[in-house]
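*Asks:* Can you read through this structure? Questions will come right after.
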Amino acid sequence: MGQGPSTSALQQCIQGVANNRAGFAAFAGSPLYQIQWVKPYNLDVLVEPAAVVRPQTAQDISDIIKCANANNVKVQAKSGGHSYQNYGAGGSDGAVAIDMVNFQKFSMDTKTWYATIGAGHRLGEVDKKMHAQGGRAMAHGVCPGVGLGGHATIGGLGPMSRMWGSALDHIVEVEVVTADGKIQRASATQNEDLFWALRGSASGFGVITEFVVRTHPEPAKVVQYEYTIKLGKQADVAPLYSKWQALMADPKLDRRFGSMFIMFPLGAIITGTFYGTQEEFLQSGIPNALPQDGNGHLVLNDWLGALTHDAEKEALYLSGLAMPFISRSLAFKRQDLLGPEKIKDIFNWVDAQKKGTLLWFIIFDAAGGAIEDVPQNATAFAHRDKVMYYQSYGIGLPVTKTTKDFITGFHGQVVQKAGPGTWGTYPGYVNNALVDQQRQYWDSNLPALEQIKARWDPKDLFHNPGSVRPAKK
Ligand SMILES: Cc1cc2nc3c(=O)[nH]c(=O)nc-3n(C[C@H](O)[C@H](O)[C@H](O)COP(=O)(O)OP(=O)(O)OC[C@H]3O[C@@H](n4cnc5c(N)ncnc54)[C@H](O)[C@@H]3O)c2cc1C
């Protein structure tokens, strides 16, 4: 166990829980603490937790929570460690980070096809295990290194979400350790209010140790489309974006298709994934609406091949590896999408700016479909009516003021052009510059979340800068 410079009451308490187990905990000030224990994802956001603990059982988590409670220290679970603001490490200094790396249980019930998955799994591992145990699958995002723990509890949007919904729409039941240290189950019939909050806002409500999720048969065939434009001027790409946006916002668009439009320094890329055969893709009519000249091509894949292909493509612009970056995001309802003139203005604005880096990306990601089927108040996730997200990334060593001004300025441009109807974003794409962050993340679900928080965690033990706060009495 790592030793800090002084043995605080918190440290003594956690050492008591460790009971001489090696590799159980380290404390601020230990050698290699940041590199081996905290492992921040965004290197531009410095966070120093008071302790990082790697429990082995739910009872360990319960005991650690009691230590934190007794010492008035905040707590955050850490699963894949891929939060844009390092929320798994607390998001601000002095928390206890509970690293779920040892929670690797996996089983598949071949009658119900429900999978039970330990919260320490990364998405790539979930895919492989589901494939091996019955050729099953669930919806989630593209990066295999993202943790199921932080992903399926905030939303979990990916190319198959228009067909199957978000990752959290697959959760049937969880085991969770709550602020009083109790190990509980939550589902539609047990601790229902907590279950509601955990699906979209779990970081403020507990530490989930395992998920029970429903699964689907893997699609046998997947068609992957990619179109690259290397123009160097964004203004020339604006009409193409408008056309792509119109396709993706069409309520009748085949749900088997998910797509992204990515602006990058040399031009733009459109990626698309269709879950079906090439014949079905042709019959869907989608190819006619996508650019088809020599810059576009199709790849045919099976399910695991398609996941690998998506991850490889994503890694070209958004690495799973730690780096210093600034990021912003915004969500759009169908009626608030930007029209062609405003799109042209914004793309022109991008051309005119100094970026301060060659590593910047603006990703437009289509949603809607099955995500929209679920009522807004069915889970804490509040973006059922959003059909498009934008996310920006400015990466640098370090991130310069010029890069920060560009990314912040782009957000300002979009907000100004979009008008008052457009606000809020998906909390998985953390935008810590938003005014009244919690309102923008959870919208009309926030008052109910604050009440549930007051019931389950009145002292706000589970806390990061963007998490739900308890309702005031
Ligand atoms: C490279 C990259 C690609 C991404 N792609 C997508 C994408 O395609 N779609 C998408 O929707 N999102 C995507 N995201 C966002 C990602 O879903 C969120 O950042 C997510 O919260 C990360 O989860 P984590 O477990 O890896 O992170 P962590 O930093 O470990 O956790 C993030 C937050 O979740 C909480 N949490 C983690 N585990 C638990 C648990 N067991 N119980 C309760 N709370 C928990 C933490 O306390 C923390 O507040 C991406 C992020 C990155 C960095």
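Residues in the structure tokens are numbered from 1 in each chain, the chains being A, B, ... in the order shown, and ligands are numbered from 1 in the order shown.
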With a distance cut-off of 6 Å and only C-alpha atoms, select the neighbouring residues of range 110-124 of chain A, excluding the residue or stretch itself and same-chain residues fewer than 2 positions from it, and output the selection as JSON, numbers by chain.
*Replies:* {"A": [79, 100, 101, 103, 104, 105, 106, 107, 108, 126, 127, 144, 145, 146, 147, 148, 149, 209, 210, 211, 212, 213, 214]}
*Asks:* Could you produce a table of the residues of chain A lying within 6 Å of ligand 1, with the nearest pair of atoms per residue and their separation in Å rounded to one decimal, using only C-alpha atoms and all ligand atoms, ordered by chain and increasing residue number, as JSON lines?
*Replies:*
{"residue": "A:Gln76", "atom": "CA", "partner": "ligand 1", "partner_atom_place_in_ligand_line": "47 (O)", "distance": 4.1}
{"residue": "A:Ala77", "atom": "CA", "partner": "ligand 1", "partner_atom_place_in_ligand_line": "47 (O)", "distance": 3.9}
{"residue": "A:Lys78", "atom": "CA", "partner": "ligand 1", "partner_atom_place_in_ligand_line": "30 (O)", "distance": 3.5}
{"residue": "A:Ser79", "atom": "CA", "partner": "ligand 1", "partner_atom_place_in_ligand_line": "30 (O)", "distance": 3.7}
{"residue": "A:Gly80", "atom": "CA", "partner": "ligand 1", "partner_atom_place_in_ligand_line": "26 (O)", "distance": 3.2}
{"residue": "A:Gly81", "atom": "CA", "partner": "ligand 1", "partner_atom_place_in_ligand_line": "29 (O)", "distance": 3.3}
{"residue": "A:His82", "atom": "CA", "partner": "ligand 1", "partner_atom_place_in_ligand_line": "26 (O)", "distance": 3.7}
{"residue": "A:Ser83", "atom": "CA", "partner": "ligand 1", "partner_atom_place_in_ligand_line": "19 (O)", "distance": 3.7}
{"residue": "A:Tyr84", "atom": "CA", "partner": "ligand 1", "partner_atom_place_in_ligand_line": "19 (O)", "distance": 5.7}
{"residue": "A:Asn86", "atom": "CA", "partner": "ligand 1", "partner_atom_place_in_ligand_line": "29 (O)", "distance": 5.4}
{"residue": "A:Tyr87", "atom": "CA", "partner": "ligand 1", "partner_atom_place_in_ligand_line": "49 (O)", "distance": 4.3}
{"residue": "A:Gly88", "atom": "CA", "partner": "ligand 1", "partner_atom_place_in_ligand_line": "29 (O)", "distance": 3.6}
{"residue": "A:Ala119", "atom": "CA", "partner": "ligand 1", "partner_atom_place_in_ligand_line": "41 (N)", "distance": 5.0}
{"residue": "A:Gly141", "atom": "CA", "partner": "ligand 1", "partner_atom_place_in_ligand_line": "8 (O)", "distance": 3.3}
{"residue": "A:Val142", "atom": "CA", "partner": "ligand 1", "partner_atom_place_in_ligand_line": "8 (O)", "distance": 4.4}
{"residue": "A:Cys143", "atom": "CA", "partner": "ligand 1", "partner_atom_place_in_ligand_line": "3 (C)", "distance": 4.8}
{"residue": "A:Val146", "atom": "CA", "partner": "ligand 1", "partner_atom_place_in_ligand_line": "26 (O)", "distance": 3.9}
{"residue": "A:Gly147", "atom": "CA", "partner": "ligand 1", "partner_atom_place_in_ligand_line": "25 (O)", "distance": 3.5}
{"residue": "A:Leu148", "atom": "CA", "partner": "ligand 1", "partner_atom_place_in_ligand_line": "25 (O)", "distance": 5.6}
{"residue": "A:Gly149", "atom": "CA", "partner": "ligand 1", "partner_atom_place_in_ligand_line": "38 (N)", "distance": 3.6}
{"residue": "A:Gly150", "atom": "CA", "partner": "ligand 1", "partner_atom_place_in_ligand_line": "23 (O)", "distance": 3.2}
{"residue": "A:His151", "atom": "CA", "partner": "ligand 1", "partner_atom_place_in_ligand_line": "17 (O)", "distance": 4.1}
{"residue": "A:Gly155", "atom": "CA", "partner": "ligand 1", "partner_atom_place_in_ligand_line": "11 (O)", "distance": 5.7}
{"residue": "A:Gly156", "atom": "CA", "partner": "ligand 1", "partner_atom_place_in_ligand_line": "11 (O)", "distance": 3.6}
{"residue": "A:Leu157", "atom": "CA", "partner": "ligand 1", "partner_atom_place_in_ligand_line": "11 (O)", "distance": 3.7}
{"residue": "A:Gly158", "atom": "CA", "partner": "ligand 1", "partner_atom_place_in_ligand_line": "8 (O)", "distance": 5.0}
{"residue": "A:Ala202", "atom": "CA", "partner": "ligand 1", "partner_atom_place_in_ligand_line": "43 (C)", "distance": 4.8}
{"residue": "A:Ser203", "atom": "CA", "partner": "ligand 1", "partner_atom_place_in_ligand_line": "44 (N)", "distance": 4.0}
{"residue": "A:Gly206", "atom": "CA", "partner": "ligand 1", "partner_atom_place_in_ligand_line": "43 (C)", "distance": 5.5}
{"residue": "A:Val207", "atom": "CA", "partner": "ligand 1", "partner_atom_place_in_ligand_line": "42 (N)", "distance": 3.8}
{"residue": "A:Ile208", "atom": "CA", "partner": "ligand 1", "partner_atom_place_in_ligand_line": "42 (N)", "distance": 3.8}
{"residue": "A:Thr209", "atom": "CA", "partner": "ligand 1", "partner_atom_place_in_ligand_line": "41 (N)", "distance": 5.6}
{"residue": "A:Leu318", "atom": "CA", "partner": "ligand 1", "partner_atom_place_in_ligand_line": "1 (C)", "distance": 5.3}
{"residue": "A:Ser319", "atom": "CA", "partner": "ligand 1", "partner_atom_place_in_ligand_line": "1 (C)", "distance": 5.3}
{"residue": "A:Gly320", "atom": "CA", "partner": "ligand 1", "partner_atom_place_in_ligand_line": "1 (C)", "distance": 4.4}
{"residue": "A:Gly428", "atom": "CA", "partner": "ligand 1", "partner_atom_place_in_ligand_line": "18 (C)", "distance": 4.6}
{"residue": "A:Tyr429", "atom": "CA", "partner": "ligand 1", "partner_atom_place_in_ligand_line": "15 (C)", "distance": 5.6}
*Asks:* As JSON, numbers by chain, please: every residue in range 244-294 of chain A that DSSP puts in strand (DSSP E).
*Replies:* {"A": [257, 258, 259, 260, 261, 262, 263, 264, 267, 268, 269, 270, 271, 272, 273, 274, 275]}
*Asks:* From the set A:Asp405, A:Val223, A:Arg162, A:Tyr441, which residue has the shortest atom-to-atom contact distance to Met388 in chain A, counting only C-alpha atoms?
*Replies:* A:Arg162
*Asks:* Given the choices A:Gln11, A:Ala197, A:Gln34, A:Ile171, which gets closest to Asn71 in chain A if the distance is worked out from only C-alpha atoms?
*Replies:*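 Smallest separation from Asn71 in chain A among the options: A:Gln11.
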*Asks:* Could you jot down the CA of Ala95 in chain A to CA of Cys67 in chain A separation for me, Å, one decimal place?
*Replies:* 11.7 Å
*Asks:* Just want the 8 Å neighbourhood of range 306-312 of chain A, counted on only C-alpha atoms, with same-chain residues fewer than 3 positions away dropped. Output as a ChimeraX atom specification.
*Replies:* /A:142-144,222,224,301-303,315-316
*Asks:* Which polymer residues have any atom within 7 Å of an atom of Gly296 in chain A, counting only C-alpha atoms, with same-chain residues fewer than 6 positions away left out, as a list of chain:residue names?
*Replies:*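 Listing them by chain and then by number gives A:Glu226, A:Tyr227, A:Thr228.
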*Asks:* Could the residues in this selection be written to a file with C-alpha atoms, as a PDB file, in the first residue's frame?
*Replies:*
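Written output follows (part-v1.pdb):
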ATOM      1  CA  GLU A 226     -16.879   6.528 -45.036  1.00  0.00           C
ATOM      2  CA  TYR A 227     -16.498   9.687 -47.079  1.00  0.00           C
ATOM      3  CA  THR A 228     -13.492  11.984 -46.728  1.00  0.00           C
TER       4      THR A 228
END
*Asks:* Need the shell around range 12-26 of chain A: protein/DNA/RNA residues with any atom at most 9 Å away, counting only C-alpha atoms. Skip same-chain ones fewer than 2 positions apart. Format as a list in words?
*Replies:*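 Contacts, with the query itself left out: Met1, Gly2, Gln3, Gly4, Thr7, Ser8, Ala9, Leu10, Ala28, Gly29, Ser30, Tyr33, Trp37, Ala50, Ala51, Val52, Val53, Arg54, Pro55, Gln56, Asp60, Asp63, Ile64, Lys66, Cys67 and Ala68 of chain A.
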*Asks:* Would you mind reading off the distance between CA of Lys230 in chain A and CA of Phe264 in chain A, one decimal, in Å?
*Replies:*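 Here the two named atoms are 9.2 Å from each other.
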*Asks:* From the list A:Ser392, A:Gln438, A:Ser329, A:Gln184, which residue is nearest Thr422 in chain A when using only C-alpha atoms?
*Replies:* A:Ser329
*Asks:* Within 10 Å of Phe274 in chain A, counting only C-alpha atoms, which residues qualify if same-chain residues fewer than 2 places away don't, as a list in words?
*Replies:*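 The residues that qualify are Pro159, Met160, Met163, Pro219, Lys221, Val222, Val223, Gln224, Tyr225, Asp254, Arg255, Arg256, Phe257, Gly258, Ser259, Gly272, Gly276, Thr277, Gln278, Glu280, Phe281, Ser284, Ile286, Leu300 and Ala306 of chain A.
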*Asks:* Pick out the residues sitting within 6 Å of range 380-386 of chain A, and hand them over as a list of chain:residue names; count only C-alpha atoms, and ignore anything fewer than 2 positions along from it in its own chain.
*Replies:* A:Trp196, A:Ala197, A:Arg199, A:Gly200, A:Phe332, A:Lys333, A:Ile371, A:Glu372, A:Gln376, A:Met388, A:Trp442
*Asks:* Take the residues just selected and output them with N, CA, C and O atoms as a PDB file, in the first residue's frame.
*Replies:*
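That gives us result32.pdb:
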ATOM      1  N   TRP A 196     -34.305   4.763 -10.975  1.00  0.00           N
ATOM      2  CA  TRP A 196     -34.593   5.825 -11.954  1.00  0.00           C
ATOM      3  C   TRP A 196     -33.412   6.802 -12.029  1.00  0.00           C
ATOM      4  O   TRP A 196     -32.946   7.142 -13.110  1.00  0.00           O
ATOM      5  N   ALA A 197     -32.907   7.201 -10.864  1.00  0.00           N
ATOM      6  CA  ALA A 197     -31.818   8.186 -10.829  1.00  0.00           C
ATOM      7  C   ALA A 197     -30.501   7.599 -11.349  1.00  0.00           C
ATOM      8  O   ALA A 197     -29.714   8.292 -12.003  1.00  0.00           O
ATOM      9  N   ARG A 199     -30.021   5.558 -13.667  1.00  0.00           N
ATOM     10  CA  ARG A 199     -29.975   5.479 -15.132  1.00  0.00           C
ATOM     11  C   ARG A 199     -29.933   6.892 -15.721  1.00  0.00           C
ATOM     12  O   ARG A 199     -30.915   7.415 -16.195  1.00  0.00           O
ATOM     13  N   GLY A 200     -28.764   7.513 -15.625  1.00  0.00           N
ATOM     14  CA  GLY A 200     -28.571   8.839 -16.203  1.00  0.00           C
ATOM     15  C   GLY A 200     -27.823   9.784 -15.285  1.00  0.00           C
ATOM     16  O   GLY A 200     -27.353  10.829 -15.725  1.00  0.00           O
ATOM     17  N   PHE A 332     -29.202  19.211 -29.820  1.00  0.00           N
ATOM     18  CA  PHE A 332     -30.221  19.896 -30.635  1.00  0.00           C
ATOM     19  C   PHE A 332     -31.495  19.067 -30.740  1.00  0.00           C
ATOM     20  O   PHE A 332     -31.441  17.876 -31.070  1.00  0.00           O
ATOM     21  N   LYS A 333     -32.619  19.726 -30.525  1.00  0.00           N
ATOM     22  CA  LYS A 333     -33.898  19.118 -30.890  1.00  0.00           C
ATOM     23  C   LYS A 333     -34.055  19.261 -32.404  1.00  0.00           C
ATOM     24  O   LYS A 333     -33.440  20.151 -33.009  1.00  0.00           O
ATOM     25  N   ILE A 371     -33.907   5.998 -29.215  1.00  0.00           N
ATOM     26  CA  ILE A 371     -33.701   6.820 -28.009  1.00  0.00           C
ATOM     27  C   ILE A 371     -34.950   7.664 -27.767  1.00  0.00           C
ATOM     28  O   ILE A 371     -35.381   7.865 -26.633  1.00  0.00           O
ATOM     29  N   GLU A 372     -35.559   8.138 -28.869  1.00  0.00           N
ATOM     30  CA  GLU A 372     -36.745   9.001 -28.775  1.00  0.00           C
ATOM     31  C   GLU A 372     -37.998   8.255 -28.307  1.00  0.00           C
ATOM     32  O   GLU A 372     -38.957   8.880 -27.867  1.00  0.00           O
ATOM     33  N   GLN A 376     -39.417  11.050 -21.776  1.00  0.00           N
ATOM     34  CA  GLN A 376     -38.403  11.913 -21.150  1.00  0.00           C
ATOM     35  C   GLN A 376     -38.230  11.598 -19.664  1.00  0.00           C
ATOM     36  O   GLN A 376     -37.128  11.682 -19.132  1.00  0.00           O
ATOM     37  N   MET A 388     -29.457  15.458 -32.445  1.00  0.00           N
ATOM     38  CA  MET A 388     -28.080  15.744 -32.867  1.00  0.00           C
ATOM     39  C   MET A 388     -27.294  16.312 -31.679  1.00  0.00           C
ATOM     40  O   MET A 388     -27.855  17.061 -30.877  1.00  0.00           O
ATOM     41  N   TRP A 442     -29.883  17.782 -16.948  1.00  0.00           N
ATOM     42  CA  TRP A 442     -31.027  16.917 -16.595  1.00  0.00           C
ATOM     43  C   TRP A 442     -32.376  17.589 -16.801  1.00  0.00           C
ATOM     44  O   TRP A 442     -33.403  16.996 -16.539  1.00  0.00           O
TER      45      TRP A 442
END
*Asks:* Hey, can you check how far CA of Asp443 in chain A sits from CA of Asn377 in chain A?
*Replies:* 10.2 Å
*Asks:* Looking at A:Phe410, A:Phe325, A:Trp456, A:Phe361, which one is nearest to Leu397 in chain A, with distances taken over only C-alpha atoms?
*Replies:* A:Phe325
*Asks:* May I ask which of the residues A:Leu338, A:Leu304, A:Met263, A:Ala220 is the closest one to Ala132 in chain A, counting only C-alpha atoms?
*Replies:*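 Checking each of A:Leu338, A:Leu304, A:Met263, A:Ala220 against Ala132 in chain A, counting only C-alpha atoms, the winner is A:Leu304.
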